[in-house]
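The file query_5.pdb contains PDB, C-alpha atoms and all ligand atoms:
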```
ATOM      1  CA  MET A   1      57.789  52.566  -1.022  1.00  0.00           C
ATOM      2  CA  ASN A   2      60.241  50.378  -2.936  1.00  0.00           C
ATOM      3  CA  SER A   3      59.316  47.066  -4.457  1.00  0.00           C
ATOM      4  CA  ILE A   4      60.617  43.920  -2.760  1.00  0.00           C
ATOM      5  CA  LYS A   5      62.951  43.474  -5.721  1.00  0.00           C
ATOM      6  CA  GLU A   6      64.402  46.976  -5.322  1.00  0.00           C
ATOM      7  CA  TYR A   7      64.702  46.867  -1.556  1.00  0.00           C
ATOM      8  CA  MET A   8      66.230  43.410  -1.321  1.00  0.00           C
ATOM      9  CA  GLY A   9      68.354  43.897  -4.470  1.00  0.00           C
ATOM     10  CA  ASN A  10      69.855  47.034  -2.887  1.00  0.00           C
ATOM     11  CA  ASP A  11      70.533  45.037   0.259  1.00  0.00           C
ATOM     12  CA  HIS A  12      72.380  42.411  -1.832  1.00  0.00           C
ATOM     13  CA  ARG A  13      74.547  45.215  -3.236  1.00  0.00           C
ATOM     14  CA  ALA A  14      75.303  46.581   0.239  1.00  0.00           C
ATOM     15  CA  CYS A  15      76.396  43.094   1.356  1.00  0.00           C
ATOM     16  CA  ASP A  16      78.527  42.739  -1.812  1.00  0.00           C
ATOM     17  CA  GLU A  17      80.412  45.932  -0.969  1.00  0.00           C
ATOM     18  CA  LEU A  18      81.241  44.709   2.534  1.00  0.00           C
ATOM     19  CA  PHE A  19      82.275  41.340   1.106  1.00  0.00           C
ATOM     20  CA  ALA A  20      84.642  43.025  -1.393  1.00  0.00           C
ATOM     21  CA  ALA A  21      86.187  45.256   1.298  1.00  0.00           C
ATOM     22  CA  ALA A  22      86.873  42.219   3.498  1.00  0.00           C
ATOM     23  CA  GLU A  23      88.371  40.263   0.604  1.00  0.00           C
ATOM     24  CA  ASP A  24      90.588  43.192  -0.361  1.00  0.00           C
ATOM     25  CA  ALA A  25      91.914  43.524   3.200  1.00  0.00           C
ATOM     26  CA  ALA A  26      92.496  39.767   3.505  1.00  0.00           C
ATOM     27  CA  ALA A  27      94.389  39.729   0.194  1.00  0.00           C
ATOM     28  CA  LYS A  28      96.652  42.450   1.636  1.00  0.00           C
ATOM     29  CA  ASN A  29      97.091  40.540   4.910  1.00  0.00           C
ATOM     30  CA  ASP A  30      95.525  43.453   6.776  1.00  0.00           C
ATOM     31  CA  TRP A  31      93.740  41.255   9.310  1.00  0.00           C
ATOM     32  CA  ASP A  32      92.455  43.976  11.627  1.00  0.00           C
ATOM     33  CA  ARG A  33      90.590  45.534   8.715  1.00  0.00           C
ATOM     34  CA  ALA A  34      89.659  42.135   7.210  1.00  0.00           C
ATOM     35  CA  ARG A  35      88.116  40.957  10.495  1.00  0.00           C
ATOM     36  CA  ASP A  36      86.231  44.219  10.926  1.00  0.00           C
ATOM     37  CA  GLN A  37      84.856  44.247   7.363  1.00  0.00           C
ATOM     38  CA  PHE A  38      84.100  40.529   7.437  1.00  0.00           C
ATOM     39  CA  GLY A  39      82.221  40.982  10.726  1.00  0.00           C
ATOM     40  CA  ARG A  40      80.044  43.644   9.113  1.00  0.00           C
ATOM     41  CA  PHE A  41      79.457  41.511   6.016  1.00  0.00           C
ATOM     42  CA  HIS A  42      78.596  38.471   8.142  1.00  0.00           C
ATOM     43  CA  ALA A  43      76.104  40.406  10.309  1.00  0.00           C
ATOM     44  CA  ALA A  44      74.489  42.143   7.302  1.00  0.00           C
ATOM     45  CA  THR A  45      74.098  38.846   5.425  1.00  0.00           C
ATOM     46  CA  LEU A  46      72.634  37.019   8.433  1.00  0.00           C
ATOM     47  CA  HIS A  47      70.137  39.855   8.849  1.00  0.00           C
ATOM     48  CA  HIS A  48      69.258  39.639   5.157  1.00  0.00           C
ATOM     49  CA  PHE A  49      68.675  35.869   5.474  1.00  0.00           C
ATOM     50  CA  LYS A  50      66.520  36.523   8.539  1.00  0.00           C
ATOM     51  CA  MET A  51      64.340  38.994   6.615  1.00  0.00           C
ATOM     52  CA  GLU A  52      63.836  36.312   3.977  1.00  0.00           C
ATOM     53  CA  GLU A  53      63.407  33.258   6.200  1.00  0.00           C
ATOM     54  CA  GLU A  54      61.285  34.835   8.939  1.00  0.00           C
ATOM     55  CA  ALA A  55      59.177  37.286   6.960  1.00  0.00           C
ATOM     56  CA  LEU A  56      59.354  37.243   3.152  1.00  0.00           C
ATOM     57  CA  PHE A  57      59.402  33.480   2.506  1.00  0.00           C
ATOM     58  CA  PRO A  58      56.594  32.613   4.953  1.00  0.00           C
ATOM     59  CA  ALA A  59      54.451  35.439   3.539  1.00  0.00           C
ATOM     60  CA  PHE A  60      55.087  34.179  -0.013  1.00  0.00           C
ATOM     61  CA  GLU A  61      54.360  30.561   0.945  1.00  0.00           C
ATOM     62  CA  ASN A  62      51.159  31.453   2.767  1.00  0.00           C
ATOM     63  CA  ARG A  63      49.895  33.579  -0.113  1.00  0.00           C
ATOM     64  CA  THR A  64      50.788  31.206  -2.987  1.00  0.00           C
ATOM     65  CA  GLY A  65      50.633  27.817  -1.255  1.00  0.00           C
ATOM     66  CA  MET A  66      54.059  27.068  -2.830  1.00  0.00           C
ATOM     67  CA  ARG A  67      56.019  25.580   0.041  1.00  0.00           C
ATOM     68  CA  MET A  68      58.370  23.227  -1.803  1.00  0.00           C
ATOM     69  CA  GLY A  69      59.238  25.629  -4.616  1.00  0.00           C
ATOM     70  CA  PRO A  70      61.778  28.446  -4.926  1.00  0.00           C
ATOM     71  CA  THR A  71      61.751  29.392  -1.229  1.00  0.00           C
ATOM     72  CA  GLU A  72      62.785  25.860  -0.269  1.00  0.00           C
ATOM     73  CA  VAL A  73      65.705  25.971  -2.738  1.00  0.00           C
ATOM     74  CA  MET A  74      66.778  29.380  -1.378  1.00  0.00           C
ATOM     75  CA  ARG A  75      66.654  28.105   2.224  1.00  0.00           C
ATOM     76  CA  GLY A  76      68.972  25.229   1.272  1.00  0.00           C
ATOM     77  CA  GLU A  77      71.441  27.661  -0.282  1.00  0.00           C
ATOM     78  CA  HIS A  78      71.333  29.847   2.839  1.00  0.00           C
ATOM     79  CA  VAL A  79      72.464  26.789   4.853  1.00  0.00           C
ATOM     80  CA  GLN A  80      75.470  26.357   2.536  1.00  0.00           C
ATOM     81  CA  MET A  81      76.324  30.060   2.673  1.00  0.00           C
ATOM     82  CA  ARG A  82      76.018  30.186   6.478  1.00  0.00           C
ATOM     83  CA  ASP A  83      78.451  27.277   6.640  1.00  0.00           C
ATOM     84  CA  LEU A  84      80.957  28.983   4.321  1.00  0.00           C
ATOM     85  CA  MET A  85      80.729  32.238   6.297  1.00  0.00           C
ATOM     86  CA  GLN A  86      81.511  30.306   9.473  1.00  0.00           C
ATOM     87  CA  GLN A  87      84.607  28.831   7.786  1.00  0.00           C
ATOM     88  CA  MET A  88      85.598  32.345   6.701  1.00  0.00           C
ATOM     89  CA  ALA A  89      85.145  33.642  10.261  1.00  0.00           C
ATOM     90  CA  ASP A  90      87.436  30.882  11.552  1.00  0.00           C
ATOM     91  CA  ALA A  91      90.047  31.603   8.863  1.00  0.00           C
ATOM     92  CA  ALA A  92      89.894  35.355   9.578  1.00  0.00           C
ATOM     93  CA  ARG A  93      90.336  34.740  13.309  1.00  0.00           C
ATOM     94  CA  ALA A  94      93.409  32.618  12.545  1.00  0.00           C
ATOM     95  CA  GLY A  95      94.719  35.100   9.954  1.00  0.00           C
ATOM     96  CA  ASN A  96      94.870  32.272   7.389  1.00  0.00           C
ATOM     97  CA  GLY A  97      94.787  34.066   4.036  1.00  0.00           C
ATOM     98  CA  ASP A  98      94.783  30.985   1.780  1.00  0.00           C
ATOM     99  CA  ALA A  99      91.851  29.434   3.626  1.00  0.00           C
ATOM    100  CA  TYR A 100      89.954  32.726   3.834  1.00  0.00           C
ATOM    101  CA  LEU A 101      90.349  33.541   0.143  1.00  0.00           C
ATOM    102  CA  GLY A 102      89.452  29.985  -0.894  1.00  0.00           C
ATOM    103  CA  TYR A 103      86.187  29.994   1.058  1.00  0.00           C
ATOM    104  CA  SER A 104      85.528  33.546  -0.017  1.00  0.00           C
ATOM    105  CA  GLU A 105      85.792  32.631  -3.710  1.00  0.00           C
ATOM    106  CA  THR A 106      83.401  29.694  -3.269  1.00  0.00           C
ATOM    107  CA  LEU A 107      80.945  31.831  -1.311  1.00  0.00           C
ATOM    108  CA  ASN A 108      81.032  34.597  -3.892  1.00  0.00           C
ATOM    109  CA  MET A 109      80.105  32.232  -6.741  1.00  0.00           C
ATOM    110  CA  LEU A 110      77.283  30.700  -4.740  1.00  0.00           C
ATOM    111  CA  MET A 111      76.073  34.080  -3.496  1.00  0.00           C
ATOM    112  CA  GLN A 112      76.013  35.737  -6.945  1.00  0.00           C
ATOM    113  CA  GLN A 113      74.021  32.843  -8.425  1.00  0.00           C
ATOM    114  CA  HIS A 114      71.682  32.840  -5.443  1.00  0.00           C
ATOM    115  CA  ASN A 115      71.096  36.605  -5.598  1.00  0.00           C
ATOM    116  CA  MET A 116      70.464  36.431  -9.343  1.00  0.00           C
ATOM    117  CA  LYS A 117      67.769  33.772  -8.856  1.00  0.00           C
ATOM    118  CA  GLU A 118      66.099  35.860  -6.161  1.00  0.00           C
ATOM    119  CA  GLU A 119      66.263  39.117  -8.125  1.00  0.00           C
ATOM    120  CA  ASN A 120      65.151  37.612 -11.446  1.00  0.00           C
ATOM    121  CA  VAL A 121      62.616  35.037 -10.263  1.00  0.00           C
ATOM    122  CA  LEU A 122      61.596  35.001  -6.604  1.00  0.00           C
ATOM    123  CA  TYR A 123      61.409  38.725  -5.803  1.00  0.00           C
ATOM    124  CA  PRO A 124      59.331  39.562  -8.917  1.00  0.00           C
ATOM    125  CA  MET A 125      56.979  36.664  -8.047  1.00  0.00           C
ATOM    126  CA  ALA A 126      56.779  37.966  -4.476  1.00  0.00           C
ATOM    127  CA  ASP A 127      56.083  41.528  -5.674  1.00  0.00           C
ATOM    128  CA  GLN A 128      53.112  40.177  -7.647  1.00  0.00           C
ATOM    129  CA  ALA A 129      51.778  37.752  -5.057  1.00  0.00           C
ATOM    130  CA  LEU A 130      52.189  40.116  -2.108  1.00  0.00           C
ATOM    131  CA  ALA A 131      51.233  43.433  -3.754  1.00  0.00           C
ATOM    132  CA  ALA A 132      48.455  44.145  -1.241  1.00  0.00           C
ATOM    133  CA  GLU A 133      50.598  43.609   1.851  1.00  0.00           C
ATOM    134  CA  ARG A 134      53.961  44.651   0.454  1.00  0.00           C
ATOM    135  CA  ASP A 135      54.543  47.917   2.338  1.00  0.00           C
ATOM    136  CA  ALA A 136      53.621  46.406   5.706  1.00  0.00           C
ATOM    137  CA  LEU A 137      55.804  43.393   4.980  1.00  0.00           C
ATOM    138  CA  LEU A 138      58.835  45.544   4.084  1.00  0.00           C
ATOM    139  CA  LEU A 139      58.416  47.525   7.308  1.00  0.00           C
ATOM    140  CA  ALA A 140      58.187  44.314   9.336  1.00  0.00           C
ATOM    141  CA  MET A 141      61.312  42.968   7.614  1.00  0.00           C
ATOM    142  CA  GLN A 142      63.290  46.099   8.407  1.00  0.00           C
ATOM    143  CA  ALA A 143      62.157  46.035  12.024  1.00  0.00           C
ATOM    144  CA  LEU A 144      63.513  42.509  12.648  1.00  0.00           C
ATOM    145  CA  PRO A 145      66.342  42.546  15.212  1.00  0.00           C
ATOM    146  CA  ASP A 146      69.802  41.267  14.217  1.00  0.00           C
TER
HETATM  147 FE    FE B   1      68.439  34.520  -0.020  1.00  0.00          FE
HETATM  148 FE    FE B   2      68.404  37.728  -0.819  1.00  0.00          FE
END
```
Now, as a test, write the supplied structure out as structure tokens.
Ligand SMILES: [Fe+2]
Ligand SMILES: [Fe+2]
Amino acid sequence: MNSIKEYMGNDHRACDELFAAAEDAAAKNDWDRARDQFGRFHAATLHHFKMEEEALFPAFENRTGMRMGPTEVMRGEHVQMRDLMQQMADAARAGNGDAYLGYSETLNMLMQQHNMKEENVLYPMADQALAAERDALLLAMQALPD
């Protein structure tokens, strides 16, 4: 089975592709397509956050005893990103391209920095700390409902 870094890194990439498709449609004022692609991006990202917040982070914290470390920082950034995605959903519903693209640019910067920290620091730490339970954990993460 994949490492946590591979599995979750690939999931970041899948979310990035949906994000880019939504941005492209919004930039072309194609709101039917933008809303559809944004909806997929939003759902995929919320599911990704859920895998982290409900399975990966608690497992990491329980194993390492680090509760106020990297997972706490990542949780705080998820709050900011959830907020920005809500603003994007509102802008997409209204067909407001300037607002959508503004929030989308801010989210993308935050999201790329966040993903980099997870892929370079947190996921490798988790792969080490959780080696014994990794496969079961990945299966449990994938089985989480939306
Ligand atoms: Fe995250
Ligand atoms: Fe992530």
Distance limit 8 Å, reference ligand FE 2 (chain B), atoms considered: only C-alpha atoms and all ligand atoms. Which residues make the cut? Give them as a list of chain:residue names. A:Met8, A:Gly9, A:Asp11, A:His12, A:His48, A:Phe49, A:Glu52, A:His114, A:Asn115, A:Glu118, A:Glu119
Hey, could you pull the box centre and edge lengths for region 24-43 of chain A, axis-aligned, 6 Å padding per side, all listed atoms, to one decimal in Å, as JSON?
```
{"center_x": 86.6, "center_y": 42.0, "center_z": 5.6, "size_x": 33.0, "size_y": 19.1, "size_z": 24.0}
```
What residues come out when you apply the PyMOL selection byres (((not hetatm)) within 12 of (chain B and resi 1)) to this file, written as an MDAnalysis selection string? chainID A and resid 5 8:9 11:12 15 45:57 70:82 110:119 121:123
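Comparing the minimum interatomic distances between Ser104 (chain A) and each of A:Ala59, A:Met85, A:Ala140, A:Ala25, counting all atoms listed in the file, we find that A:Met85 sits nearest.
Applied to this file, the PyMOL selection byres (((chain A and resi 130-136) around 8) and not hetatm) selects Met1, Ser3, Ile4, Ala59, Phe60, Arg63, Ala126, Asp127, Gln128, Ala129, Leu137, Leu138, Leu139 and Ala140 of chain A.
Across the model, the gap from CA of Glu6 (chain A) to CA of Gly39 (chain A) is 24.7 Å.
When the PyMOL selection byres (((chain A and resi 33-36) around 8) and not hetatm) is evaluated on the file shown here, the picked residues come out as Ala21, Ala22, Glu23, Asp24, Ala25, Ala26, Asn29, Asp30, Trp31, Asp32, Gln37, Phe38, Gly39, Arg40, Ala89, Ala92 and Arg93 of chain A.
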Can you work out the spacing between CA of Glu105 (chain A) and CA of Lys28 (chain A) in Å, to one decimal? 15.6 Å
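Rounded to one decimal, CA of Glu61 (chain A) and CA of Ala43 (chain A) lie 25.6 Å from each other.
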